[in-house]
Each structure stands twice: as C-alpha cells, then as structure tokens.
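Trainee: Starting off with a structure, shown below.
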Amino acid sequence: MKTIRVSIKANRYDIIVGKDILSRLGPAVKKLGIGTDAFIVTNPLVRRRHGAVLVKGLQRHGFVTHIIEVPDGEKSKSAQVAFQVISRIAAKDIFKKPFIVAFGGGVIGDLAGFVAAIYKRGIPVVQVPTTLLAQVDSAIGGKVAVDLPVGKNLVGAFHQPRLVWSDAAVLSTLNQRQIRNGLAEVVKYGAICDCKLFDTVVAKQTALLRGDSTAFVSVIATCSRIKADIVVADEKETQGLRTILNFGHTVGHAIEAADGFKHFQHGEAVALGMRVACNMSVRLSLLKEKEQSAVDQLLSDLGFPRKIRSLRLADILKSMRHDKKFVSGKKSFCAFGTDREGQDCRRGIDVNYRNGNS
Ligand SMILES: NC(=O)c1ccc[n+]([C@@H]2O[C@H](COP(=O)([O-])OP(=O)(O)OC[C@H]3O[C@@H](n4cnc5c(N)ncnc54)[C@H](O)[C@@H]3O)[C@@H](O)[C@H]2O)c1
Ligand SMILES: [Zn+2]
C-alpha cells in the first residue's frame with residue numbers, strides 16, 4: 001500500500017493506493033472521525049461489481065451505510081440528479097453525522113463531490129475512484145462539478161476530499177477502452193514531468209492494457225503524486241501551474257465538443273490533442289523530433305488513432321473558441337515535452353491562438 005500526502009493548508013489528506021484494499025476502507029475512515037453515516041453514491045454497474053466488499057468493510061467498523069444509486073453515464077452529472085441525491089440524503093440525515101463516499105468513475109466523483117460541497121454548506125467526502133481515469137486524475141484535486149445543457153462542468157466548486165482510496169484491483173473489471181482512456185492521462189503525466197513514468201508505460205504497456213493491477217499500483221501512485229504536487233502548488237488554478245495538466249486538453253476538449261460528446265472518450269480526444277501539442281512544440285523548436293516520435297509511438301502502441309476522419313477541422317476550431325479557458329479572444333495553448341537529457345523534464349509554453357488562426 002502506498003500513501004501520498006496532499007498537504008493543502010486548509011485540508012491535509014492522504015491518497016492511498018494498493019491492491020485489494022477496498023474492504024479495508026473502514027478503519028481509515030474511522031481514524032478520520034468524519035461521521036457515522038456513510039452515504040455511498042454509486043451507479044448500478046459499480047455497485048454490482050464491487051459494492052458488497054465496500055459496504056461490508058464499512059459496516060464491520062460500525063458505519064451505517066446508505067446506498068444512493070444514480071444511472072450510469074455523463075447524464076447523471078446534472079443539477080437535477082445532484083438535487084435528487086441531496087433530497088435522499090436529507091431524508092435520512094436526522095441527528096446524524098453524514099459523510100459521502102463517492103464510489104465510481106469520474107462522473108460519480110464529480111457528482112458526489114459536488115453534492116458534498118453544497119449540502120449543508122459542505123460535508124466530508126471520501127473519494128473511492130473505480131476507473132483508471134478517476135484514480136490518476138479526477139478524484140484528486142477537489143474540482144467537483146455538474147454539467148449544464150450548454151456545457152460541461154459549468155456549475156462547480158473546489159471541495160477537497162478527506163481521503164482518496166484507490167484500489168487497483170477494481171480496474172480488472174474495466175473494459176480495454178476504459179483502461180486506454182485512463183492511460184492517455186498517464187502518458188500525459190509522463191510527458192509533462194516524469195520520463196521514468198513514461199518509460200514504465202512503454203515497458204509495461206501489455207500488462208497495463210490488460211488491466212493488470214500489480215503493474216498499476218506504482219503507476220497510479222506516481223500519477224497521484226504528480227497531480228497532488230501540482231494541486232498543492234496551485235490549488236485553485238490561480239498561479240498558472242495547474243495549467244500544465246491541460247497538456248493535450250486544448251485540442252482534446254475541442255474534439256469532444258465538436259463531436260457532441262458522442263463517439264470520442266475523453267482520453268481518446270486528449271491523445272489526439274497531445275499529438276497536436278507535440279507537433280506544435282517541434283515546429284516552435286521547443287521539443288526535439290525524437291521526443292515527439294516517442295510520444296506518437298507510445299500513443300499508437302496503446303491503440304490511439306493518429307487521425308480523425310469523422311470531424312471537420314473547422315468544427316474543432318469553432319469549439320476551441322467556445323472553450324471556457326478562451327479569454328479575451330486568446331487561446332492559451334499548452335505544449336510540453338519530455339527531455340531525457342536535461343536536468344528538468346518540466347517545461348511549457350503558451351501559444352496565443354487568436355480568432356481561429358493558429
Ligand atoms: N474533477 C476533475 O478534476 C476531473 C478530471 C478529469 C475528468 N473528470 C470527469 O470525469 C468524468 C469521466 O470519468 P470516467 O472516464 O471515469 O467515466 P465514468 O465515470 O462514466 O466511467 C466510465 C464507465 O466505467 C464504468 N465503471 C466504473 N468503474 C468500473 C469498474 N471498476 N469496472 C467496470 N466498469 C466500471 C462506469 O459505470 C461507466 O460506465 C467526466 O465527467 C469528466 O468531466 C473530472
Ligand atoms: Zn483529462
């Protein structure tokens with residue numbers, strides 16, 4: 001079991017990464033003293049696959065558990081579903097000390113975290129991420145949100161979890177497309193600041209694509225450490241540091257939006273975005289061609305496409321102009337690269353993108 005301490009001033013918390021640790025959540029939560037009643041927000045699929053182990057583990061340590069199921073999928077990240085969840089908690093929350101357990105992928109983490117942020121002006125939330133994407137990314141950092149019909153994540157808050165409990169064993173029930181979805185973020189961390197991680201993904205790609213939990217423990221712990229360090233340095237994205245995590249996301253988000261969030265998974269769009277960012281970096285002489293090739297090759301080996309055939313470039317550029325990070329007619333573009341020869345692997349650039357002409 002690996003422990004990563006997130007030392008945010010207002011709320012210090014740990015990220016625990018291990019294998020077959022789901023049943024051991026109870027004592028860790030008990031130590032935190034955050035409440036008596038666990039409101040477990042999840043969806044039917046995750047509950048069916050892994051719910052019993054989690055629930056028994058909490059009950060064994062004296063917690064009263066209430067399961068709140070929401071339908072699977074992004075559509076549950078809505079204000080309506082959030083208020084339904086709140087109503088169900090409120091109905092059972094009489095003279096109780098409630099806390100929320102967000103048990104699922106990024107959708108559940110964002111929704112349940114948002115509920116925890118606003119119910120009674122904030123109650124504790126424990127993140128128990130069950131997808132690779134959620135374990136390496138969305139469960140860490142305190143960004144919680146629901147979507148509006150006009151755009152994703154438009155209503156949200158910063159609400160740090162009291163604990164993140166990442167069990168690599170639950171990844172064994174993910175399908176390969178979902179594993180690959182999370183691997184795009186892992187490649188991102190390797191490219192922006194950890195050559196060793198990048199090389200590990202190259203070396204262990206077959207085991208990782210298979211969902212091998214032993215191979216995943218150290219990868220998830222490394223990614224969690226990287227994200228935690230960046231979040232501690234720039235919790236609310238005011239210092240410009242957290243922007244480094246957007247590598248591949250400028251174009252990635254635009255692809256997802258132009259596609260209407262239908263066919264591309266987030267990681268697939270980000271993988272294409274990383275290819276574009278690396279390409280730009282080479283053209284701007286900020287990245288060596290061989291480093292670009294290494295990223296391109298790894299993405300291809302992991303099964304990410306090189307080209308998009310189903311979308312028009314004009315639509316992608318149009319989506320980019322509607323991105324919420326598009327400020328004063330300028331698009332702040334992040335392009336980063338690995339540098340195996342230099343001392344410091346972390347570097348970045350902002351390219352201003354004006355009026356659709358890049
Ligand atoms: N808050 C943040 O910082 C942040 C960062 C990145 C992404 N996100 C959000 O995360 C969401 C995407 O998350 P996601 O990719 O995890 O998608 P998801 O939560 O929809 O999960 C993907 C699918 O996997 C299923 N699933 C979950 N765990 C499983 C398991 N162990 N075995 C089998 N199936 C399982 C889910 O039921 C779902 O069908 C988006 O809404 C995105 O906006 C948030
Ligand atoms: Zn992402």
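Identifiers for the structure tokens are assigned positionally: chains receive A, B, ... in sequence, residues are indexed from 1 per chain, and ligands are indexed from 1 in the order shown.
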Run DSSP on the backbone and tell me which residues of segment 17-88 of chain A come out as strand (DSSP E); list them as a ChimeraX atom specification.
Mentor: /A:17-18,37-42,64-69
Trainee: If you run DSSP on the backbone here, which positions in segment 31-267 of chain A get alpha helix (DSSP H)? Please write them as a count of residues only.
Mentor: 108
Trainee: Please, which residues have at least one atom within 9 Å of an atom of ligand 1, using only C-alpha atoms and all ligand atoms, listed as a PyMOL selection string?
Mentor: chain A and resi 42-46+49-50+71-75+77+103-111+113+129-147+152-153+168-175+178+181-182+185+265-267
Trainee: Neighbours of Glu268 of chain A within 12 Å (only C-alpha atoms; same-chain residues fewer than 3 positions away dropped), as a PyMOL selection string?
Mentor: chain A and resi 133+177-185+187+248-249+251-253+255-256+259+261+263-265+271-275+299-300+302-308
Trainee: Could you tell me how far atom CA of Asp301 of chain A lies from atom CA of Ala254 of chain A, in Å and to one decimal?
Mentor: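 These atoms are spaced 23.9 Å apart.
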Trainee: Counting only C-alpha atoms and all ligand atoms, which residue out of A:Cys193, A:Leu245, A:Ala277, A:Ile94 sits closest to ligand 2?
Mentor: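 Counting only C-alpha atoms and all ligand atoms, the residue closest to ligand 2 is A:Leu245.
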Trainee: If we count only C-alpha atoms, what is near Tyr13 of chain A at a cut-off of 12 Å, once residues fewer than 5 positions away on the same chain are taken out, given as JSON, numbers by chain?
Mentor: {"A": [3, 4, 5, 6, 7, 8, 28, 29, 32, 124, 125, 126, 127, 140, 141, 142, 160, 161, 162, 163, 164, 165, 228, 232]}
